[in-house]
Each structure stands twice: as C-alpha cells, then as structure tokens.
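So the structure is just underneath, and the comments pick up after that.
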Amino acid sequence: MPQLAELIQVYGVLIVFGIVLVEQFGLPIPAYPILIVAGALSVTADVSWQLVWMAAILACLICDAFWFRAGRFYGKRILRLLCKISLSPDSCVNQTEDRFSKFGVKSLLVSKFVPGFNTIAAPLSGAMGVSARPFLLYAVTGAALWSGTGILLGVWFHNSVDGVLDTLSTMGSTALTIVAGLLALFIAFKYAERRRHRSRSAIERIEMDELLALIDAGHEPVIIDARSLTAQQMQAAIPGAVVFRACQPEHLMASLDRDRHIVVYCSCPDDVTAAEVARQFMANGFHRARPLKGGLDAWNAQRGADPDPELDPATC
C-alpha cells in the first residue's frame, strides 16, 4: 500500500484509471481503496482530485459501454457467462434481475456500490433493450457518485489514511502477509458458501428426453416457470408453463394434484432456483417434483429440432 501511494503520487491518474478499469471489467482487484488513498493524497500531496475523479468516471464509462453493447448483442448468454466466472454465481443472475426489475435503469445510480450487481447491471441494461441515452445518463451519474464518494472519504479521513499507510510501511512484508491472508479468507468463505448453496440444490433433475416422453405418453406434467420477472421479459416461457411468481405458492399447490409430475425450470446457472422451488413442492407432498436439467436453454435447444408438444396449462 505505501508503494501504491508512491505510484499514485508519481503516475497519478494513470494508476487510478488502470485499476478502476480492470476492476470494472470484472477482475477481483479492489479499486475503492485506491480512490480513498488518492483522495487522501490530494490533501497531503500533489495529486489532483479532479483529475482522479474524471479518470475513474472515464474508466467506468468505458467498461459500462462495453458490457452494455455485449448485453445488447448477446443478451442472456453474457449474463450467464459473467455469473459463472463470479465468486457467487448461483444466485447472481436472479438477484440482479430482481433488483433491475424493481428499479429499472435508475438502479445504475447505485449498482457500483453493490457487489455482484455492479458486474451485471450494464449488460442487463443492454439485454433489456434500454436505449443508449438514458443508459449513459445514469451510468455516468452512478460512476460519479461511486468514485466521488471514495475520493471524498479519503479527503475527510486523510489523517487516518496517512496513519494506516505509515503503519503498513513500518510492518514491511508483514502487512502484505496480513492483506493476502484476509483475501484468502474471503475467497475461502465465498467458496464454502458456494459449496453449501450447491449442496442444498443437490436434487434429482429430469432430462429433456424424459420430459418429452411424459408429455407424449399423456401424463400432462405441470411445468412451472421459476424465473425472475425480468428474465420472463427477456425470453419467452415454455408454452403452457405456470409462472410461479404470479400467485401465492400455497394457492398454486392447493390447485394441483399431488400425484402429478411437476417440472420446474429456470434460466440461472446450475438450475439453482428451479431446484429450490422443486424442494418447496416436495416439502408439500409433491413427490414427483423435479427441476429441469439445463432449464430453458435445454428446452429451446430441443425445440429447435422438434415442434412444441401440447402442454396442459395449470392455473392458480
């Protein structure tokens, strides 16, 4: 950190621009502490907070514009890719879609303050068909708020920041060991959380071939759409599917025969949401409830080769 402070003093906005840029592209490099240090150095050293602020906003805008265009052209695929490479992929898509569905493009004002949401908000805006002008307006404003807050914190607490830097400089390699240890603990915690989440979704899946066989044999399986409201706007549902979020779960379950086949699908990594909803059905006596392996992607892949079979729609 002391060496970083020296680099900021020497190279100024270039260091801030580079670190913010790589963080906004998704690499696990924390840029916010750099903004705080730069803000503190603007008081105690020859560092212009105005130039640092503009560099951070420009870096954010470059990344946001890139992900916005990627979302516009690749849609749901780019969201799944980003969530798969994140430390918390299992709930990444649905949580972000829910937030975006609630606040729309205005969520970009605070997206950079929310881990996970920051990576997905821009491509989701493109995938949802948000026009470029409001996107740029909210993206720039959000970047200015995020980076400006970090710089302002450094200005306000510059004495404390200087004290921390001085302490780290006296600790030498010990400081690096502590920082590396904390980072390793964080990654281990997220990995354990991911394993725990996956173990909860460890439930038998139904394959597409088996689902189509049930339909062809006249078993009339009830297909449940467990996707978020935003995901439903982005991709058409399986014909005849019941939207799980359209009514109270207890009302839906009360209207169904517990001996019928219940097939739940979603469009999130590892079918996590579908598995959770299927567990709810099983806990209420639906012993034939299963998540669809591969979710909506598996259905659409099969549908490209075969016509849509007739499904028996269920209602709440």
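Identifiers for the structure tokens are assigned positionally: chains receive A, B, ... in sequence, residues are indexed from 1 per chain, and ligands are indexed from 1 in the order shown.
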
Query raised in the report: Which residues, written as a ChimeraX atom specification, have at least one atom at most 9 Å from Cys266 in chain A, with only C-alpha atoms counted and residues fewer than 5 positions away on the same chain left out?
Result: /A:224-228,231,271-275,291-292,294-297

Output all heavy atoms of each residue in that selection to a file, as a compact mmCIF listing (two decimals), in the first residue's frame.
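Okay, selection39.txt is ready:
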# COMPACT_ATOMS: atom_id res chain seq x y z
N ILE A 224 -43.52 -25.56 -14.33
CA ILE A 224 -43.50 -24.35 -13.51
C ILE A 224 -42.35 -23.46 -13.95
O ILE A 224 -41.19 -23.90 -13.99
CB ILE A 224 -43.34 -24.69 -12.01
CG1 ILE A 224 -44.43 -25.67 -11.56
CG2 ILE A 224 -43.36 -23.42 -11.17
CD1 ILE A 224 -45.82 -25.11 -11.59
N ASP A 225 -42.64 -22.22 -14.28
CA ASP A 225 -41.64 -21.23 -14.65
C ASP A 225 -41.19 -20.51 -13.38
O ASP A 225 -41.94 -19.70 -12.81
CB ASP A 225 -42.24 -20.24 -15.65
CG ASP A 225 -41.21 -19.25 -16.19
OD1 ASP A 225 -40.15 -19.09 -15.55
OD2 ASP A 225 -41.46 -18.65 -17.25
N ALA A 226 -39.96 -20.78 -12.91
CA ALA A 226 -39.46 -20.19 -11.67
C ALA A 226 -38.53 -19.01 -11.91
O ALA A 226 -37.84 -18.57 -10.99
CB ALA A 226 -38.72 -21.26 -10.85
N ARG A 227 -38.51 -18.47 -13.11
CA ARG A 227 -37.60 -17.37 -13.42
C ARG A 227 -38.06 -16.06 -12.79
O ARG A 227 -39.21 -15.92 -12.38
CB ARG A 227 -37.49 -17.19 -14.93
CG ARG A 227 -36.89 -18.38 -15.66
CD ARG A 227 -36.92 -18.13 -17.17
NE ARG A 227 -38.29 -17.98 -17.64
CZ ARG A 227 -38.61 -17.37 -18.78
NH1 ARG A 227 -37.67 -16.84 -19.54
NH2 ARG A 227 -39.88 -17.28 -19.16
N SER A 228 -37.13 -15.10 -12.75
CA SER A 228 -37.48 -13.77 -12.28
C SER A 228 -38.37 -13.07 -13.31
O SER A 228 -38.46 -13.48 -14.47
CB SER A 228 -36.22 -12.94 -12.04
OG SER A 228 -35.60 -12.64 -13.28
N ALA A 231 -36.34 -11.90 -16.30
CA ALA A 231 -35.98 -12.99 -17.20
C ALA A 231 -37.15 -13.38 -18.09
O ALA A 231 -36.98 -13.75 -19.25
CB ALA A 231 -35.50 -14.20 -16.39
N ASP A 271 -29.27 -24.51 -12.47
CA ASP A 271 -30.70 -24.71 -12.19
C ASP A 271 -31.02 -24.48 -10.71
O ASP A 271 -31.89 -25.14 -10.14
CB ASP A 271 -31.14 -26.13 -12.58
CG ASP A 271 -30.61 -26.56 -13.93
OD1 ASP A 271 -30.72 -25.76 -14.87
OD2 ASP A 271 -30.08 -27.68 -14.04
N VAL A 272 -30.33 -23.55 -10.08
CA VAL A 272 -30.44 -23.39 -8.63
C VAL A 272 -31.85 -22.98 -8.21
O VAL A 272 -32.43 -23.56 -7.29
CB VAL A 272 -29.41 -22.35 -8.12
CG1 VAL A 272 -29.65 -22.04 -6.66
CG2 VAL A 272 -28.01 -22.89 -8.31
N THR A 273 -32.41 -21.98 -8.87
CA THR A 273 -33.75 -21.52 -8.50
C THR A 273 -34.78 -22.62 -8.71
O THR A 273 -35.68 -22.82 -7.88
CB THR A 273 -34.13 -20.27 -9.30
OG1 THR A 273 -33.15 -19.25 -9.11
CG2 THR A 273 -35.49 -19.75 -8.88
N ALA A 274 -34.67 -23.34 -9.82
CA ALA A 274 -35.61 -24.43 -10.10
C ALA A 274 -35.51 -25.51 -9.02
O ALA A 274 -36.53 -26.07 -8.59
CB ALA A 274 -35.32 -25.03 -11.47
N ALA A 275 -34.29 -25.80 -8.58
CA ALA A 275 -34.11 -26.81 -7.53
C ALA A 275 -34.75 -26.36 -6.23
O ALA A 275 -35.37 -27.16 -5.52
CB ALA A 275 -32.62 -27.09 -7.34
N PRO A 291 -36.57 -30.48 -10.85
CA PRO A 291 -36.12 -29.38 -11.73
C PRO A 291 -35.69 -29.93 -13.09
O PRO A 291 -35.23 -31.07 -13.19
CB PRO A 291 -34.93 -28.79 -10.97
CG PRO A 291 -34.42 -29.92 -10.14
CD PRO A 291 -35.59 -30.79 -9.80
N LEU A 292 -35.86 -29.11 -14.10
CA LEU A 292 -35.47 -29.50 -15.46
C LEU A 292 -33.98 -29.24 -15.64
O LEU A 292 -33.51 -28.10 -15.49
CB LEU A 292 -36.27 -28.70 -16.49
CG LEU A 292 -35.91 -28.92 -17.96
CD1 LEU A 292 -36.14 -30.38 -18.36
CD2 LEU A 292 -36.70 -27.97 -18.86
N GLY A 294 -30.76 -28.19 -17.19
CA GLY A 294 -30.46 -27.29 -18.29
C GLY A 294 -31.45 -26.17 -18.45
O GLY A 294 -31.21 -25.22 -19.20
N GLY A 295 -32.59 -26.27 -17.76
CA GLY A 295 -33.57 -25.19 -17.75
C GLY A 295 -34.11 -24.82 -19.12
O GLY A 295 -34.26 -25.67 -20.01
N LEU A 296 -34.37 -23.53 -19.28
CA LEU A 296 -34.98 -23.05 -20.52
C LEU A 296 -34.06 -23.25 -21.72
O LEU A 296 -34.54 -23.48 -22.84
CB LEU A 296 -35.33 -21.56 -20.37
CG LEU A 296 -36.11 -20.92 -21.51
CD1 LEU A 296 -37.43 -21.63 -21.74
CD2 LEU A 296 -36.34 -19.44 -21.24
N ASP A 297 -32.76 -23.22 -21.52
CA ASP A 297 -31.82 -23.46 -22.62
C ASP A 297 -32.00 -24.86 -23.20
O ASP A 297 -31.96 -25.05 -24.41
CB ASP A 297 -30.38 -23.27 -22.15
CG ASP A 297 -30.03 -21.80 -21.96
OD1 ASP A 297 -30.77 -20.95 -22.47
OD2 ASP A 297 -29.02 -21.52 -21.29

Query - Atomic distance CA of Val43 in chain A - CA of Ile15 in chain A, expressed in Å with one decimal - result: 17.8 Å

Query - Exercise: range 36-40 of chain A partners within 6 Å, only C-alpha atoms, chain neighbours under 6 positions left out, as a VMD selection string - result: chain A and resid 150 to 151 153 to 155 158

Those same residues - N, CA, C and O atoms - I'd like them written as a compact mmCIF listing (two decimals), in the first residue's frame.
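The resulting selection09.txt:
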# COMPACT_ATOMS: atom_id res chain seq x y z
N GLY A 150 -15.71 7.73 -2.83
CA GLY A 150 -14.42 7.20 -2.39
C GLY A 150 -13.38 8.29 -2.21
O GLY A 150 -12.66 8.31 -1.20
N ILE A 151 -13.32 9.21 -3.17
CA ILE A 151 -12.36 10.31 -3.06
C ILE A 151 -12.70 11.20 -1.87
O ILE A 151 -11.81 11.62 -1.12
N LEU A 153 -14.24 10.37 0.89
CA LEU A 153 -13.87 9.69 2.13
C LEU A 153 -12.36 9.86 2.41
O LEU A 153 -11.95 10.06 3.56
N GLY A 154 -11.56 9.77 1.36
CA GLY A 154 -10.13 9.97 1.53
C GLY A 154 -9.79 11.38 1.98
O GLY A 154 -8.90 11.59 2.81
N VAL A 155 -10.52 12.36 1.44
CA VAL A 155 -10.29 13.76 1.83
C VAL A 155 -10.67 13.97 3.29
O VAL A 155 -9.93 14.61 4.06
N HIS A 158 -8.21 11.92 5.72
CA HIS A 158 -6.84 11.82 5.21
C HIS A 158 -5.82 11.59 6.32
O HIS A 158 -4.82 10.89 6.11

Report summary line: Closest of A:Val20, A:Ala278, A:Ala301, A:Met54 to Asp209 in chain A, counting only C-alpha atoms, is A:Ala301

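Distance check against Ile34 in chain A using only C-alpha atoms: of A:Gly126, A:Ser147, A:Asp64, A:Asp270, the minimum falls on A:Ser147.
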
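If you look at CA of Leu185 in chain A and CA of Pro115 in chain A, they are 17.2 Å away from each other.
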
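The list of residues with at least one atom within 12 Å of Lys106 in chain A, based on only C-alpha atoms and without residues fewer than 5 positions apart in the same chain, reads Arg99, Phe100, Ser101, Ser111, Ala121, Ala122, Ser125, Val130, Pro134, Phe135, Leu136, Leu137, Tyr138, Ala139, Val140, Thr141 and Gly142 of chain A.
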
Just-selected residues, C-alpha atoms written as a compact mmCIF listing (two decimals), in the first residue's frame:
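After the write, out-v7.txt holds the following:
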# COMPACT_ATOMS: atom_id res chain seq x y z
CA ARG A 99 -33.23 -5.50 -8.49
CA PHE A 100 -33.30 -4.30 -12.10
CA SER A 101 -36.95 -5.25 -12.47
CA SER A 111 -25.15 -0.50 -8.85
CA ALA A 121 -26.21 -4.12 -14.32
CA ALA A 122 -24.69 -2.75 -17.54
CA SER A 125 -29.50 -2.90 -19.37
CA VAL A 130 -32.66 0.16 -22.58
CA PRO A 134 -30.79 7.12 -20.52
CA PHE A 135 -28.22 4.37 -20.00
CA LEU A 136 -25.33 6.79 -20.45
CA LEU A 137 -27.00 9.39 -18.24
CA TYR A 138 -27.50 7.03 -15.30
CA ALA A 139 -24.22 5.18 -15.85
CA VAL A 140 -22.16 8.38 -15.77
CA THR A 141 -24.07 9.69 -12.76
CA GLY A 142 -23.63 6.41 -10.91

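Between CA of Ala127 in chain A and CA of Phe73 in chain A there is a distance of 7.4 Å.
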